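Source file: protein.txt; contents: compact mmCIF, C-alpha atoms and all ligand atoms.
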```txt
# COMPACT_ATOMS: atom_id res chain seq x y z
CA MET A 1 42.01 12.85 -22.62
CA PRO A 2 42.28 14.72 -19.30
CA PRO A 3 39.80 13.55 -16.69
CA SER A 4 36.56 15.49 -16.80
CA ASN A 5 35.57 17.36 -13.67
CA SER A 6 31.97 17.78 -14.62
CA PHE A 7 29.50 14.93 -14.99
CA THR A 8 25.91 14.40 -15.95
CA LEU A 9 24.01 12.01 -13.70
CA ASN A 10 20.54 10.60 -14.30
CA THR A 11 17.81 10.43 -11.72
CA ILE A 12 16.87 6.77 -11.35
CA GLY A 13 13.95 7.28 -9.00
CA ILE A 14 11.91 9.62 -6.85
CA VAL A 15 11.10 9.21 -3.15
CA HIS A 16 7.53 9.55 -1.91
CA SER A 17 7.71 10.06 1.84
CA CYS A 18 5.79 11.24 4.91
CA TYR A 19 8.09 14.30 5.14
CA LYS A 20 6.54 17.09 3.11
CA GLU A 21 8.94 19.81 4.29
CA LYS A 22 12.52 19.90 5.55
CA PHE A 23 11.57 20.96 9.10
CA GLY A 24 11.09 17.85 11.21
CA ILE A 25 13.08 15.39 9.11
CA PRO A 26 15.49 13.56 11.43
CA ARG A 27 19.18 14.29 11.02
CA GLN A 28 20.00 10.74 9.93
CA PRO A 29 18.14 7.63 8.78
CA GLY A 30 17.07 4.97 11.26
CA LEU A 31 16.23 7.46 14.03
CA VAL A 32 12.52 7.61 13.19
CA THR A 33 11.76 3.95 12.52
CA GLU A 34 8.07 4.65 11.96
CA ALA A 35 8.78 6.90 8.94
CA THR A 36 7.45 5.25 5.82
CA ALA A 37 8.36 6.05 2.26
CA ARG A 38 8.65 4.38 -1.08
CA LEU A 39 11.11 4.79 -3.87
CA GLU A 40 9.57 4.84 -7.34
CA LEU A 41 11.95 3.94 -10.13
CA ILE A 42 11.47 6.09 -13.21
CA PRO A 43 11.83 5.05 -16.87
CA PRO A 44 14.01 3.55 -18.28
CA TYR A 45 14.84 2.10 -14.83
CA SER A 46 11.23 1.28 -13.92
CA ARG A 47 11.56 -2.49 -14.23
CA LEU A 48 11.74 -5.37 -11.77
CA ASP A 49 14.70 -7.18 -13.35
CA ILE A 50 16.93 -4.22 -12.45
CA LEU A 51 16.25 -5.08 -8.77
CA GLU A 52 16.52 -8.87 -9.01
CA GLY A 53 18.30 -10.23 -5.93
CA LEU A 54 17.83 -7.06 -3.88
CA GLU A 55 15.07 -8.72 -1.85
CA SER A 56 17.71 -10.85 -0.13
CA PHE A 57 19.22 -7.74 1.53
CA SER A 58 17.65 -5.91 4.48
CA HIS A 59 19.16 -2.46 3.83
CA ILE A 60 20.34 -0.32 0.92
CA TRP A 61 22.53 2.73 0.50
CA ILE A 62 20.69 5.52 -1.27
CA GLN A 63 22.59 8.29 -2.99
CA PHE A 64 20.35 11.24 -3.64
CA VAL A 65 20.25 14.93 -4.46
CA PHE A 66 19.46 17.52 -1.77
CA HIS A 67 17.14 19.09 -4.32
CA ALA A 68 15.49 21.43 -1.83
CA CYS A 69 18.82 23.11 -0.93
CA MET A 70 20.34 23.60 -4.33
CA THR A 71 19.94 27.34 -4.58
CA GLU A 72 21.82 27.93 -1.34
CA ASN A 73 25.57 28.42 -1.34
CA TRP A 74 28.00 26.14 0.44
CA LYS A 75 30.63 27.41 2.88
CA ALA A 76 33.95 25.83 3.92
CA LYS A 77 32.88 25.83 7.58
CA ILE A 78 29.43 25.25 9.00
CA ARG A 79 27.82 25.10 12.44
CA PRO A 80 26.42 21.59 13.05
CA PRO A 81 23.08 21.93 14.88
CA ARG A 82 24.07 19.00 17.09
CA LEU A 83 26.87 21.17 18.52
CA GLY A 84 24.32 23.78 19.55
CA GLY A 85 25.04 25.97 16.54
CA LYS A 86 28.03 27.49 18.35
CA THR A 87 31.03 25.60 16.99
CA LYS A 88 32.16 25.64 13.36
CA MET A 89 33.47 22.55 11.57
CA GLY A 90 34.74 21.88 8.07
CA VAL A 91 31.95 21.06 5.65
CA PHE A 92 33.56 17.72 4.77
CA ALA A 93 33.68 16.78 8.48
CA THR A 94 29.89 16.97 8.64
CA ARG A 95 26.77 15.56 6.98
CA THR A 96 25.32 19.01 6.24
CA THR A 97 23.06 19.41 3.23
CA HIS A 98 24.98 22.54 2.14
CA ARG A 99 27.87 20.95 0.27
CA PRO A 100 29.82 21.70 -2.93
CA ASN A 101 27.90 18.85 -4.59
CA PRO A 102 24.43 18.56 -3.05
CA ILE A 103 24.57 14.78 -2.74
CA GLY A 104 23.20 12.87 0.25
CA LEU A 105 23.84 9.33 1.43
CA SER A 106 21.50 7.30 3.61
CA VAL A 107 21.39 3.68 4.67
CA VAL A 108 17.77 2.59 4.73
CA LYS A 109 15.82 -0.56 5.61
CA ILE A 110 13.86 -1.95 2.68
CA GLY A 111 10.50 -3.70 2.57
CA ASN A 112 8.47 -4.96 -0.36
CA ILE A 113 9.67 -4.62 -3.93
CA TYR A 114 6.72 -4.56 -6.34
CA GLN A 115 4.95 -3.13 -9.36
CA GLU A 116 1.69 -1.18 -9.19
CA ASN A 117 -0.04 0.41 -12.20
CA LYS A 118 3.06 -0.40 -14.29
CA LYS A 119 5.29 1.52 -11.85
CA THR A 120 8.11 -0.09 -9.85
CA PHE A 121 8.49 0.57 -6.12
CA ILE A 122 10.69 -0.29 -3.14
CA ASP A 123 9.17 0.30 0.31
CA LEU A 124 11.54 2.13 2.67
CA HIS A 125 11.50 2.23 6.47
CA GLY A 126 13.11 4.92 8.63
CA ALA A 127 14.37 7.07 5.75
CA ASP A 128 15.42 10.70 6.36
CA LEU A 129 14.31 11.80 2.89
CA LEU A 130 12.07 14.66 1.83
CA ASP A 131 9.09 13.87 -0.38
CA GLY A 132 10.18 14.28 -4.00
CA THR A 133 13.88 13.55 -3.40
CA PRO A 134 15.61 12.54 -6.66
CA VAL A 135 17.67 9.36 -6.27
CA LEU A 136 20.91 8.82 -8.21
CA ASP A 137 21.80 5.29 -7.19
CA ILE A 138 21.04 2.44 -4.82
CA LYS A 139 23.39 -0.26 -3.63
CA PRO A 140 22.93 -3.15 -1.20
CA TYR A 141 24.31 -2.56 2.30
CA LEU A 142 27.02 -5.15 2.96
CA PRO A 143 27.37 -5.76 6.70
CA TYR A 144 30.75 -7.47 6.38
CA ALA A 145 32.26 -4.40 4.75
CA ASP A 146 30.01 -1.49 5.76
CA SER A 147 29.45 -2.20 9.46
CA ILE A 148 32.59 -1.13 11.30
CA THR A 149 32.07 -1.94 14.95
CA ASP A 150 35.16 -0.12 16.29
CA ALA A 151 34.64 3.04 14.18
CA GLN A 152 34.93 6.41 15.93
CA GLY A 153 31.96 8.79 15.80
CA GLY A 154 34.03 11.99 16.10
CA PHE A 155 32.00 14.86 17.51
CA PHE A 156 28.74 12.96 16.82
CA PRO A 157 29.34 9.90 19.06
CA ALA A 158 25.66 9.06 19.69
CA PRO A 159 22.20 10.16 18.59
CA ALA A 160 20.66 13.08 20.46
CA GLN A 161 18.60 12.21 23.52
CA ILE A 162 14.92 11.70 22.92
CA LYS A 163 12.57 13.77 25.10
CA PRO A 164 9.11 12.56 26.14
CA VAL A 165 6.23 13.66 23.95
CA LEU A 166 2.82 14.15 25.58
CA PHE A 167 -0.48 14.66 23.76
CA SER A 168 -3.26 17.05 24.75
CA GLU A 169 -6.71 15.43 25.02
CA LEU A 170 -7.65 17.12 21.74
CA ALA A 171 -4.53 15.91 19.90
CA LYS A 172 -4.98 12.39 21.26
CA SER A 173 -8.52 12.08 19.92
CA GLN A 174 -7.54 13.72 16.62
CA CYS A 175 -4.77 11.11 16.16
CA GLU A 176 -7.18 8.27 16.94
CA ASN A 177 -9.64 9.59 14.37
CA TYR A 178 -6.88 9.95 11.80
CA GLU A 179 -5.67 6.41 12.43
CA ASN A 180 -9.16 4.97 12.09
CA LEU A 181 -9.86 6.90 8.94
CA HIS A 182 -6.54 6.46 7.12
CA LYS A 183 -5.34 3.15 8.63
CA ARG A 184 -1.98 4.83 9.11
CA GLU A 185 -0.10 4.82 12.41
CA ILE A 186 0.52 8.46 13.22
CA THR A 187 0.92 8.64 17.02
CA THR A 188 4.26 6.82 17.12
CA LEU A 189 5.49 8.74 14.08
CA ILE A 190 4.69 12.07 15.80
CA LYS A 191 6.36 10.91 19.03
CA GLN A 192 9.52 9.87 17.22
CA VAL A 193 9.75 12.99 15.04
CA ILE A 194 9.09 15.59 17.74
CA GLY A 195 11.02 13.64 20.41
CA GLN A 196 14.20 14.29 18.38
CA ASP A 197 13.75 18.02 19.04
CA PRO A 198 13.80 19.25 15.43
CA ARG A 199 14.02 22.92 16.46
CA PRO A 200 16.94 24.92 15.06
CA SER A 201 19.56 25.61 17.75
CA TYR A 202 18.68 29.32 18.01
CA LEU A 203 15.19 28.35 19.21
CA SER A 204 16.24 25.48 21.46
CA GLU A 205 16.04 27.53 24.67
CA GLN A 206 12.53 28.81 23.96
CA LEU A 207 9.61 27.24 25.77
CA ASP A 208 5.89 27.40 24.94
CA ARG A 209 6.39 28.73 21.42
CA GLU A 210 4.06 27.05 18.91
CA HIS A 211 5.70 25.09 16.08
CA GLY A 212 4.10 23.25 13.16
CA ILE A 213 5.40 20.19 11.32
CA THR A 214 3.74 18.64 8.28
CA LEU A 215 3.63 14.85 8.12
CA TRP A 216 1.66 13.27 5.29
CA ASP A 217 -1.39 15.53 4.87
CA ILE A 218 -1.59 16.99 8.37
CA ASN A 219 0.10 19.80 10.26
CA ILE A 220 1.03 18.96 13.84
CA LYS A 221 1.06 21.90 16.25
CA TRP A 222 3.37 21.40 19.22
CA CYS A 223 5.54 23.26 21.70
CA ALA A 224 8.45 22.64 24.03
CA ARG A 225 7.73 22.54 27.76
CA ASN A 226 10.28 22.29 30.55
CA ASP A 227 11.07 18.60 30.36
CA HIS A 228 8.89 17.36 27.50
CA PHE A 229 7.20 18.32 24.25
CA GLU A 230 3.47 18.77 24.03
CA ILE A 231 1.35 18.01 20.98
CA LEU A 232 -1.34 20.69 21.02
CA ARG A 233 -3.57 19.80 18.07
CA ILE A 234 -3.60 18.57 14.49
CA GLU A 235 -4.74 20.62 11.52
CA ASN A 236 -5.53 19.44 8.02
CA LYS A 237 -3.23 20.78 5.33
N1 LIG A 301 21.70 10.88 5.62
C1 LIG A 301 21.94 11.99 4.70
C2 LIG A 301 21.21 13.27 5.11
C3 LIG A 301 21.81 13.97 6.27
S1 LIG A 301 21.28 15.58 6.43
C4 LIG A 301 23.42 12.23 4.57
O1 LIG A 301 24.15 12.01 5.53
O2 LIG A 301 23.85 12.65 3.51
C5 LIG A 301 19.63 15.26 6.94
C6 LIG A 301 18.77 16.37 6.48
O3 LIG A 301 18.63 16.29 5.08
C7 LIG A 301 17.37 16.27 7.00
O4 LIG A 301 17.27 16.94 8.22
C8 LIG A 301 16.54 16.89 5.89
O5 LIG A 301 16.06 18.16 6.25
C9 LIG A 301 17.50 17.02 4.73
N2 LIG A 301 16.96 16.50 3.50
C10 LIG A 301 16.45 15.27 3.24
N3 LIG A 301 16.08 15.17 1.93
C11 LIG A 301 16.35 16.38 1.36
C12 LIG A 301 16.20 16.91 0.05
N4 LIG A 301 15.70 16.17 -0.93
N5 LIG A 301 16.58 18.19 -0.17
C13 LIG A 301 17.10 18.94 0.82
N6 LIG A 301 17.27 18.50 2.09
C14 LIG A 301 16.90 17.24 2.35
```
Step by step, read the file and then write its structure as C-alpha cells.
Amino acid sequence: MPPSNSFTLNTIGIVHSCYKEKFGIPRQPGLVTEATARLELIPPYSRLDILEGLESFSHIWIQFVFHACMTENWKAKIRPPRLGGKTKMGVFATRTTHRPNPIGLSVVKIGNIYQENKKTFIDLHGADLLDGTPVLDIKPYLPYADSITDAQGGFFPAPAQIKPVLFSELAKSQCENYENLHKREITTLIKQVIGQDPRPSYLSEQLDREHGITLWDINIKWCARNDHFEILRIENK
C-alpha cells in the first residue's frame, strides 16, 4: 500500500483558558506565567489512568489545532510580527499560525491532575492557548532530550522586551474589586499580557490609541504611551 498523505486525527481534549480572543495571547508559552488554563480530556480519553505517571513531570508538550485560523489560507512566505512586519520569511522557518496544517506546539508547565464532576482535567500554567483550543496529543517534556542549551534561536534569539504597565486610579480600584470578588489574580496577568506589546506591527508606532483585550470575563481598555502602557479602565463583557 502506498503511504497515505491524508489522516484523520481525534481531538483528545479541549483547553479552557483566560484568553477568550486571539488578540493579546503571547507569541509563545511561558512568557505570561500568570496565565491559567486547564485541559479537559474528552471521552473516550476522559480517564485518570491515561495520565498515570504524568504527575512526576513538570512540563508537557501540547500538540493542538489552530482552530480559530482554519479558514485562512497559508502562504509560502510570511512577515513575522517580531521582525516589525517588514521582512518575509519562509512559513516553515516561523511559528506562524497560518501553516499548511494548522497544528501548534507548546511546552507548558502542568499543575494538578484531577477529576471533577466525572470530567478529567490537567491544570496548565503559562499556556499560549485560546479558550476552546482542540488538543491532539500531549507528551511529557524530557529535559535530557528536549532542552538544548547550545541551540541557536535564528532571527528570534530572545523574547521581546517587556515595557512597564501603569494603571490609572480607576483601573487600579477596578482590579482590586475584581480580585476580591473572584479570588483571581488579575493585576499581574494584565501587566504580563500588555507588557508584551500585543499590538500588530502596523499599529506599533501609534500612541494614545485605545485598545481592548478580553481576559476571562472582562475587557481591559489600554493604550500605548511614550515609554509605557497605560491601563485605562476595565469593562465587563
Ligand atoms: N506555541 C505555538 C503557538 C505559536 S503562535 C506554536 O509554536 O505552535 C502563538 C499564537 O497562536 C498566539 O498569539 C495566539 O493568537 C495563537 N493561537 C493560540 N491558540 C489558537 C487557536 N486555538 N487558534 C488560532 N490561533 C491560536
For a quick check of your reading of the model, name the residues lying within 10 Å of the coordinate (8.2, -1.3, -8.1), counting all atoms listed in the file, and write them as a list of chain:residue names. A:Arg38, A:Leu39, A:Glu40, A:Leu41, A:Ile42, A:Ser46, A:Arg47, A:Leu48, A:Leu51, A:Asn112, A:Ile113, A:Tyr114, A:Gln115, A:Glu116, A:Asn117, A:Lys118, A:Lys119, A:Thr120, A:Phe121, A:Ile122, A:Asp123
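Reported to one decimal place, the separation of CA of Gly126 (chain A) from atom O1 of ligand LIG 301 (chain A) is 13.5 Å.
When only C-alpha atoms are used to measure the gap to Ile220 (chain A), the shortest distance among A:Asp208, A:Ile194, A:Ser201, A:Glu55 belongs to A:Ile194.
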Tell me, as a list in words, which residues lie within 7 Å of Ala76 (chain A), counting only C-alpha atoms; anything in the same chain fewer than 2 positions away does not count. Trp74, Ile78, Gly90 and Val91 of chain A
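The protein and nucleic acid residues lying at most 12 Å from Val65 (chain A) are Leu9, Asn10, Thr11, Ile12, Gly13, Ile14, Val15, Met70, Thr97, His98, Arg99, Pro100, Asn101, Pro102, Ile103, Gly104, Leu105, Ser106, Leu129, Leu130, Asp131, Gly132, Thr133, Pro134, Val135, Leu136 and Asp137 of chain A, with all atoms listed in the file considered and sequence neighbours fewer than 5 positions away removed.
Between CA of Leu124 (chain A) and CA of Gly153 (chain A) there is a distance of 25.2 Å.
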Proximity to ligand LIG 301 (chain A) - best of A:Asp150, A:Asp197, A:Glu179, A:Asp227, only C-alpha atoms and all ligand atoms: A:Asp197
In Å to one decimal, how far is atom C8 of ligand LIG 301 (chain A) from CA of Pro198 (chain A)? 10.2 Å
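Compared by their closest atoms to Lys163 (chain A), and using all atoms listed in the file, the residues A:Lys109, A:Lys139, A:Lys191, A:Lys88 rank with A:Lys191 nearest.
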